[in-house]
Structures are given as structure tokens and as C-alpha cells.
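Chemist: My structure file target-v8.csv, CSV, C-alpha atoms and all ligand atoms, is below:
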```csv
chain,number,residue,atom,x,y,z
M,1,MET,CA,-2.9,-14.6,2.0
M,2,ARG,CA,-1.1,-15.3,-1.2
M,3,ILE,CA,0.2,-12.4,-3.3
M,4,ASP,CA,1.7,-13.0,-6.8
M,5,ILE,CA,3.5,-10.1,-8.4
M,6,LEU,CA,4.2,-9.9,-12.1
M,7,THR,CA,7.0,-7.5,-13.1
M,8,LEU,CA,9.8,-6.8,-15.5
M,9,PHE,CA,12.1,-6.0,-12.6
M,10,PRO,CA,11.8,-8.8,-10.0
M,11,GLU,CA,15.1,-7.9,-8.3
M,12,MET,CA,13.6,-4.7,-7.0
M,13,PHE,CA,11.5,-6.7,-4.5
M,14,ALA,CA,14.2,-8.6,-2.7
M,15,GLY,CA,14.9,-6.2,0.1
M,16,PRO,CA,11.5,-4.8,1.1
M,17,PHE,CA,9.9,-8.2,1.3
M,18,SER,CA,12.6,-10.0,3.2
M,19,GLU,CA,12.9,-7.5,6.1
M,20,SER,CA,10.8,-6.4,9.1
M,21,MET,CA,7.1,-7.2,9.3
M,22,LEU,CA,6.6,-8.6,5.8
M,23,GLY,CA,9.7,-10.9,6.2
M,24,ARG,CA,8.3,-12.2,9.6
M,25,ALA,CA,4.8,-12.6,8.2
M,26,GLN,CA,6.1,-14.9,5.5
M,27,GLU,CA,8.2,-16.9,7.9
M,28,ASN,CA,5.1,-17.3,10.1
M,29,GLY,CA,3.1,-18.6,7.1
M,30,LEU,CA,0.6,-15.7,7.3
M,31,LEU,CA,1.7,-14.3,3.9
M,32,SER,CA,3.1,-16.0,0.8
M,33,ILE,CA,4.6,-13.6,-1.7
M,34,ALA,CA,5.8,-14.8,-5.1
M,35,VAL,CA,7.5,-12.5,-7.6
M,36,HIS,CA,7.4,-13.5,-11.3
M,37,ASP,CA,9.5,-12.2,-14.1
M,38,ILE,CA,7.1,-11.4,-17.1
M,39,ARG,CA,10.0,-11.8,-19.4
M,40,ALA,CA,10.0,-15.6,-18.8
M,41,TRP,CA,6.7,-15.8,-20.8
M,42,ALA,CA,7.8,-13.7,-23.8
M,43,ASP,CA,7.4,-16.0,-26.9
M,44,ASN,CA,10.0,-14.1,-29.0
M,45,LYS,CA,13.8,-14.7,-29.4
M,46,HIS,CA,14.9,-11.6,-27.4
M,47,SER,CA,12.3,-11.9,-24.7
M,48,LYS,CA,10.9,-8.6,-25.8
M,49,CYS,CA,8.0,-7.4,-23.7
M,50,ASP,CA,7.4,-3.9,-25.1
M,51,ASP,CA,6.7,-2.3,-28.4
M,52,TYR,CA,5.8,1.0,-30.1
M,53,PRO,CA,2.3,2.3,-29.6
M,54,PHE,CA,-0.1,2.1,-32.5
M,55,GLY,CA,-1.1,5.6,-33.5
M,56,GLY,CA,2.3,7.0,-32.6
M,57,GLY,CA,3.5,8.8,-29.5
M,58,ALA,CA,6.4,8.7,-27.1
M,59,GLY,CA,7.7,5.6,-25.2
M,60,LEU,CA,6.9,2.0,-25.4
M,61,VAL,CA,3.9,0.0,-24.4
M,62,MET,CA,4.0,-3.4,-22.6
M,63,MET,CA,2.8,-6.1,-24.9
M,64,ALA,CA,-0.3,-8.2,-24.3
M,65,GLN,CA,1.2,-11.7,-25.1
M,66,PRO,CA,3.8,-12.1,-22.3
M,67,ILE,CA,1.3,-10.7,-19.7
M,68,PHE,CA,-1.6,-13.0,-20.9
M,69,ASP,CA,0.6,-16.0,-20.7
M,70,ALA,CA,2.1,-15.0,-17.3
M,71,VAL,CA,-1.4,-14.3,-15.7
M,72,GLU,CA,-2.8,-17.6,-17.2
M,73,ALA,CA,0.1,-19.6,-15.8
M,74,VAL,CA,0.2,-18.0,-12.3
M,75,ASP,CA,-3.6,-17.8,-11.8
M,76,PRO,CA,-5.2,-20.3,-14.3
M,77,ASP,CA,-8.6,-20.5,-12.5
M,78,HIS,CA,-8.8,-16.8,-11.8
M,79,GLU,CA,-8.8,-17.3,-8.0
M,80,ALA,CA,-6.9,-14.1,-7.4
M,81,ASN,CA,-8.2,-10.6,-7.3
M,82,ARG,CA,-6.2,-9.2,-10.2
M,83,VAL,CA,-4.9,-5.6,-9.8
M,84,LEU,CA,-3.0,-3.5,-12.3
M,85,LEU,CA,-0.9,-0.8,-10.6
M,86,THR,CA,-1.2,2.3,-12.7
M,87,PRO,CA,-1.4,6.1,-12.1
M,88,ARG,CA,-4.8,6.0,-13.8
M,89,GLY,CA,-6.3,3.6,-11.2
M,90,LYS,CA,-8.6,4.3,-8.3
M,91,LEU,CA,-6.7,5.7,-5.3
M,92,LEU,CA,-5.6,3.3,-2.7
M,93,THR,CA,-7.2,4.1,0.7
M,94,THR,CA,-7.2,2.5,4.1
M,95,ALA,CA,-10.7,1.3,3.5
M,96,ARG,CA,-9.8,-0.4,0.2
M,97,ALA,CA,-6.7,-2.0,1.8
M,98,ARG,CA,-8.8,-3.4,4.5
M,99,GLU,CA,-11.2,-4.9,1.9
M,100,LEU,CA,-8.3,-6.3,-0.2
M,101,ALA,CA,-6.9,-8.0,2.9
M,102,ARG,CA,-10.0,-10.2,2.9
M,103,CYS,CA,-9.1,-11.7,-0.5
M,104,PRO,CA,-7.4,-15.1,-0.2
M,105,ARG,CA,-5.2,-14.2,-3.2
M,106,LEU,CA,-4.1,-11.1,-5.0
M,107,LEU,CA,-2.3,-10.8,-8.3
M,108,LEU,CA,-0.5,-7.5,-8.8
M,109,LEU,CA,0.6,-6.5,-12.3
M,110,CYS,CA,3.3,-3.8,-12.4
M,111,GLY,CA,2.8,-1.5,-15.3
M,112,HIS,CA,5.8,0.2,-17.0
M,113,TYR,CA,6.9,2.5,-19.8
M,114,GLU,CA,4.1,4.4,-21.4
M,115,GLY,CA,1.4,1.9,-20.3
M,116,VAL,CA,0.1,-1.6,-20.9
M,117,ASP,CA,-1.7,-2.8,-24.0
M,118,GLU,CA,-5.3,-2.1,-23.2
M,119,ARG,CA,-6.4,-5.6,-24.1
M,120,VAL,CA,-4.7,-6.7,-20.8
M,121,MET,CA,-7.6,-5.2,-19.0
M,122,ALA,CA,-9.7,-8.2,-20.2
M,123,LEU,CA,-7.7,-10.1,-17.6
M,124,MET,CA,-7.7,-7.7,-14.8
M,125,ASP,CA,-10.3,-6.9,-12.1
M,126,GLU,CA,-9.3,-3.4,-11.2
M,127,GLU,CA,-6.7,-0.6,-11.6
M,128,VAL,CA,-5.1,0.9,-8.5
M,129,SER,CA,-3.0,4.1,-8.1
M,130,ILE,CA,-1.1,4.8,-4.8
M,131,GLY,CA,-1.2,8.6,-5.2
M,132,ASN,CA,-1.5,11.6,-7.4
M,133,TYR,CA,2.0,11.5,-8.8
M,134,ILE,CA,3.7,9.5,-11.5
M,135,LEU,CA,6.4,7.0,-10.7
M,136,THR,CA,8.7,5.2,-13.2
M,137,GLY,CA,6.8,2.0,-12.8
M,138,GLY,CA,4.3,-0.1,-10.8
M,139,GLU,CA,6.9,-1.9,-8.7
M,140,LEU,CA,7.1,0.6,-5.8
M,141,PRO,CA,3.3,0.9,-5.9
M,142,ALA,CA,3.0,-2.9,-5.7
M,143,MET,CA,5.3,-2.9,-2.7
M,144,VAL,CA,3.3,-0.1,-1.1
M,145,LEU,CA,0.0,-2.0,-1.7
M,146,THR,CA,1.4,-5.3,-0.4
M,147,ASP,CA,2.7,-3.6,2.8
M,148,CYS,CA,-0.5,-1.6,3.4
M,149,VAL,CA,-2.8,-4.6,2.8
M,150,SER,CA,-0.7,-7.0,4.9
M,151,ARG,CA,-1.2,-4.9,8.0
M,152,PHE,CA,-4.9,-5.9,7.9
M,153,VAL,CA,-4.1,-9.6,7.5
M,154,PRO,CA,-4.8,-11.1,11.0
M,155,GLY,CA,-1.6,-11.8,12.9
M,156,VAL,CA,0.8,-9.8,10.7
M,157,LEU,CA,1.0,-6.9,13.2
M,158,GLY,CA,2.5,-7.8,16.6
M,159,LYS,CA,0.5,-8.4,19.7
M,160,GLY,CA,-1.1,-5.2,20.9
M,161,GLU,CA,-0.6,-3.4,17.6
M,162,SER,CA,-3.8,-2.5,15.8
M,163,ALA,CA,-4.1,-1.7,12.2
M,164,GLU,CA,-6.9,0.6,13.1
M,165,GLU,CA,-5.4,2.8,15.8
M,166,GLU,CA,-3.2,4.8,13.5
M,167,SER,CA,-3.4,7.8,11.3
M,168,PHE,CA,-6.3,7.9,8.9
M,169,SER,CA,-8.3,5.0,10.4
M,170,LYS,CA,-10.1,7.4,12.7
M,171,GLY,CA,-9.9,10.2,10.2
M,172,LEU,CA,-7.2,12.0,12.3
M,173,LEU,CA,-3.4,12.0,12.0
M,174,GLU,CA,-1.5,10.4,14.8
M,175,TYR,CA,-0.6,12.2,18.0
M,176,PRO,CA,3.1,12.7,19.0
M,177,GLN,CA,4.9,9.8,20.7
M,178,TYR,CA,7.9,9.8,23.1
M,179,THR,CA,10.1,7.2,24.6
M,180,ARG,CA,12.9,7.3,27.2
M,181,PRO,CA,14.7,9.4,28.3
M,182,ALA,CA,12.2,11.9,29.7
M,183,ASP,CA,14.7,14.7,29.0
M,184,PHE,CA,16.8,14.5,25.9
M,185,ARG,CA,19.2,17.4,25.2
M,186,GLY,CA,16.9,19.7,27.3
M,187,MET,CA,13.8,18.7,25.4
M,188,ALA,CA,11.3,17.4,27.9
M,189,VAL,CA,8.5,14.9,27.3
M,190,PRO,CA,5.1,16.6,27.9
M,191,GLU,CA,4.3,16.4,31.7
M,192,VAL,CA,0.9,14.8,31.1
M,193,LEU,CA,2.5,11.7,29.6
M,194,LEU,CA,4.4,11.1,32.8
M,195,SER,CA,1.4,11.7,35.0
M,196,GLY,CA,-0.1,8.3,34.8
M,197,HIS,CA,-3.5,9.9,34.5
M,198,ALA,CA,-5.2,7.9,31.7
M,199,ALA,CA,-8.1,10.3,31.0
M,200,ASN,CA,-5.8,13.3,30.8
M,201,ILE,CA,-3.4,11.5,28.6
M,202,GLU,CA,-6.3,10.5,26.2
M,203,LYS,CA,-7.6,14.1,26.1
M,204,TRP,CA,-4.1,15.4,25.4
M,205,ARG,CA,-3.5,12.9,22.6
M,206,HIS,CA,-6.9,13.7,21.1
M,207,GLU,CA,-6.1,17.5,21.1
M,208,GLN,CA,-2.7,16.9,19.6
M,209,ALA,CA,-4.1,14.6,16.8
M,210,LEU,CA,-6.7,17.3,16.0
M,211,GLU,CA,-4.1,20.0,15.9
M,212,LYS,CA,-1.7,18.0,13.7
M,213,THR,CA,-4.6,17.2,11.3
M,214,ARG,CA,-5.6,20.9,11.2
M,215,GLU,CA,-2.0,21.8,10.4
M,216,ASN,CA,-1.1,19.1,7.8
M,217,ARG,CA,-4.4,17.8,6.4
M,218,PRO,CA,-7.2,20.2,7.1
M,219,GLU,CA,-9.3,18.5,4.4
M,220,LEU,CA,-9.6,15.4,6.6
M,221,LEU,CA,-11.6,17.5,9.1
M,222,GLY,CA,-14.2,18.2,6.5
M,223,THR,CA,-15.7,14.7,7.0
M,224,PHE,CA,-14.8,14.0,10.6
M,225,GLY,CA,-14.2,17.4,12.1
M,226,LYS,CA,-17.5,18.0,13.7
M,227,TYR,CA,-17.6,14.7,15.4
M,228,TYR,CA,-14.1,15.1,16.8
M,229,GLU,CA,-14.4,18.8,17.7
M,230,ASN,CA,-17.4,17.8,19.9
M,231,LYS,CA,-16.0,14.6,21.3
M,232,GLY,CA,-13.2,16.4,23.2
M,233,LYS,CA,-15.8,18.5,25.1
L,301,LIG,N1,2.8,3.6,-11.8
L,301,LIG,C1,3.4,4.9,-12.0
L,301,LIG,N2,2.9,5.7,-11.1
L,301,LIG,C2,2.0,5.0,-10.3
L,301,LIG,C3,1.1,5.4,-9.2
L,301,LIG,N3,1.1,6.6,-8.7
L,301,LIG,N4,0.3,4.4,-8.7
L,301,LIG,C4,0.3,3.2,-9.2
L,301,LIG,N5,1.1,2.8,-10.3
L,301,LIG,C5,1.9,3.7,-10.8
```
Mind converting the file's structure to C-alpha cells?

Modeler:
Amino acid sequence: MRIDILTLFPEMFAGPFSESMLGRAQENGLLSIAVHDIRAWADNKHSKCDDYPFGGGAGLVMMAQPIFDAVEAVDPDHEANRVLLTPRGKLLTTARARELARCPRLLLLCGHYEGVDERVMALMDEEVSIGNYILTGGELPAMVLTDCVSRFVPGVLGKGESAEEESFSKGLLEYPQYTRPADFRGMAVPEVLLSGHAANIEKWRHEQALEKTRENRPELLGTFGKYYENKGK
């Protein structure tokens, strides 16, 4: 999968994309991420990319011209699914991330300041928000989306790791995990996990997942609750 990111702050992306899973996925050729500085396409003397909003109001708006030229240069034949990261977009979910992972190309436009000139929407396919809070720009959301979508690209997760078997995919939060030692500072690992009894372990994990979901995200049980309450019986 190829992901092109258009931003006014390309330096922000260096660390997160070169480390860990995303770094390895790029080395292995599963993922190709290119970060582009929108400023390079500004056709004015000072590479200005923002201006005052027509009609007044606080803050600056990202100008259409540099974005149009950048998108047309990076994705001339509109092969990419083009996404604007903005708090007014549709919420990113596991289901949507799984769908986006099937696109051969994504183009992510990071919004900034008080917004983006609305005419840019003529170029875009969709608007995505990563949560009900406002960040200072679309860069962190673009990183979150890239990370979240990459997990569903075949081969990105290591052998034995499944993008599905984690919190949310089954509608429940994850059960607690432990590793060695079995006793750490007097805190013992639950007996059942040391028992080797697969069915009991599965039952315990299911109960724990249910309890954690009830405690932290009870609204998730609205949809899946009945199924899971019954499954354990
Ligand atoms: N830009 C600022 N806040 C955002 C959010 N929550 N999601 C996507 N883009 C954003």
C-alpha cells in the first residue's frame, strides 16, 4: 500500500514512521509512505499557504492553490482514496480502517489553523476525524490513521499476530495479559493462566474482557452485550 501525506509540518512524521512496525513494514516493501511539504507548491514569493477567512472570524484558513497543485502533482490520475483529516469528519473506526486497508493508495491531507478552503473538498473523497476532541492539526490524526490502517495490510503484523483479536474487533475490550515472572513484588499471576487448561483460560479471559468492558466502555455492550453474556454460559 502507498500512502502520500500532504502537510505543512513534514518534520513531525520522521520518528513515528521510522520506528517499530511501520518502519519494518516499509523496509519489507509492504508499505510505502511519502510525506510532502505543501509549502513547496505555494506559487507566491513567501510560500504563504494560509490567509484570512472571507466573512471574518478568528484564525487563518489554508489556501486552495498550494493544496490543489500538491494533490494534482502527487496523485495526477486520482488513483488514491483522498482523505482530509479534520475534526468535522466521520469518526475513524476499526471497520473503516479495515476497508481503507484495501485501497492500493491513500492520500492524506492534514488540515491546520481554522480550517481548509472549502473548495479543496472538490478534490477530496472523504473527511475523517480520529475522535471527539480538537487537536492543533491533522498531522497526529494522519499518523494515527496510517498506523491503524497499516495493521490490516497483510504481512504488517508479525506471525501469529492478528489485527482482529484485539480490543474492539469483537466488541469487547482486551483481557489482562501477564508475562514472566509468575510472582512480581508479591503480585501473583492468576492461577488459571498457569494451569495449562485451555478451556478454563479461555473462559477466564472472556469474563475478564466482559468485566473490563462493563467498567470502562459499557456502551459497547449495548450492541454486543447479549451475545457475549450468553456465550460464556
Ligand atoms: N484535526 C484537529 N483535530 C482533529 C481530529 N480530532 N481528527 C482529525 N483531524 C483533526

Chemist: Would you kindly return, as a PyMOL selection string, each protein, DNA or RNA residue with an atom no farther than 10 Å from any atom of Leu100 (chain M), considering only C-alpha atoms and excluding same-chain residues fewer than 5 positions away?

Modeler: chain M and resi 81+94-95+105-106+145-146+148-150+152-153

Chemist: Please return as number ranges by chain the residues found within 9 Å of ligand LIG 301 (chain L), counting only C-alpha atoms and all ligand atoms.

Modeler: M: 84-92, 110-113, 115, 127-142

Chemist: Using all atoms listed in the file, which residues sit within 7 Å of Ala209 (chain M) once same-chain residues fewer than 2 positions away are excluded, as JSON, numbers by chain?

Modeler: {"M": [172, 173, 174, 175, 205, 206, 207, 211, 212, 213]}

Chemist: In Å to one decimal, how far is CA of Leu31 (chain M) from CA of Leu123 (chain M)?

Modeler: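 It comes out at 23.8 Å.
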
Chemist: Take CA of Ala25 (chain M) and CA of Thr93 (chain M) and report the distance between them in Å, one decimal.

Modeler: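 Separation between CA of Ala25 (chain M) and CA of Thr93 (chain M): 21.9 Å.
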
Chemist: In Å, with one decimal, what is the gap from CA of Ala64 (chain M) to CA of Ser32 (chain M)?

Modeler: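 Going from CA of Ala64 (chain M) over to CA of Ser32 (chain M) covers 26.5 Å.
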
Chemist: Could you produce a table of the residues of region 141-167 of chain M lying within 10 Å of region 5-22 of chain M, with the nearest pair of atoms per residue and their separation in Å rounded to one decimal, using all atoms listed in the file, ordered by chain and increasing residue number, as a tab-separated table?

Modeler:
```
residue	atom	partner	partner_atom	distance
M:Ala142	CA	M:Ile5	CA	7.7
M:Met143	CA	M:Phe13	CA	7.5
M:Val144	CA	M:Pro16	CA	9.7
M:Thr146	CA	M:Leu22	CA	8.7
M:Asp147	CA	M:Leu22	CA	7.0
M:Ser150	CA	M:Leu22	CA	7.5
M:Arg151	CA	M:Met21	CA	8.7
M:Val156	CA	M:Met21	CA	7.0
M:Leu157	CA	M:Met21	CA	7.2
M:Gly158	CA	M:Met21	CA	8.6
```

Chemist: Which residue out of M:Glu215, M:Trp41, M:Arg96, M:Asp77 has the minimum interatomic distance to Met63 (chain M) when all atoms listed in the file are used?

Modeler: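 Nearest to Met63 (chain M): M:Trp41.
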
Chemist: Residues within 12 Å of Ala80 (chain M), please, as a list of chain:residue names. Count all atoms listed in the file; anything in the same chain fewer than 3 positions from it doesn't count.

Modeler: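 Using all atoms listed in the file, the neighbours found are M:Met1, M:Arg2, M:Ile3, M:Asp4, M:Ile5, M:Val71, M:Glu72, M:Val74, M:Asp75, M:Pro76, M:Asp77, M:Val83, M:Leu100, M:Ala101, M:Arg102, M:Cys103, M:Pro104, M:Arg105, M:Leu106, M:Leu107, M:Leu108, M:Leu109, M:Leu123, M:Met124, M:Asp125, M:Glu126.
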
Chemist: Compile the contact shell of Val189 (chain M) as an MDAnalysis selection string: residues with an atom at most 10 Å away, counting all atoms listed in the file, same-chain residues fewer than 4 positions apart removed.

Modeler: chainID M and resid 177:184 193:194

Chemist: With distances taken over only C-alpha atoms, which residue among M:Gly171, M:Gly186, M:Gly29, M:Gly59 lies nearest Leu220 (chain M)?

Modeler: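 Comparing M:Gly171, M:Gly186, M:Gly29, M:Gly59 against Leu220 (chain M), the winner is M:Gly171.
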
Chemist: Considering only C-alpha atoms, state which residue in the set M:Ile67, M:Leu221, M:Met121, M:Val35 is at the smallest distance from Cys49 (chain M).

Modeler: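 Between M:Ile67, M:Leu221, M:Met121, M:Val35, the residue approaching Cys49 (chain M) most closely is M:Ile67.
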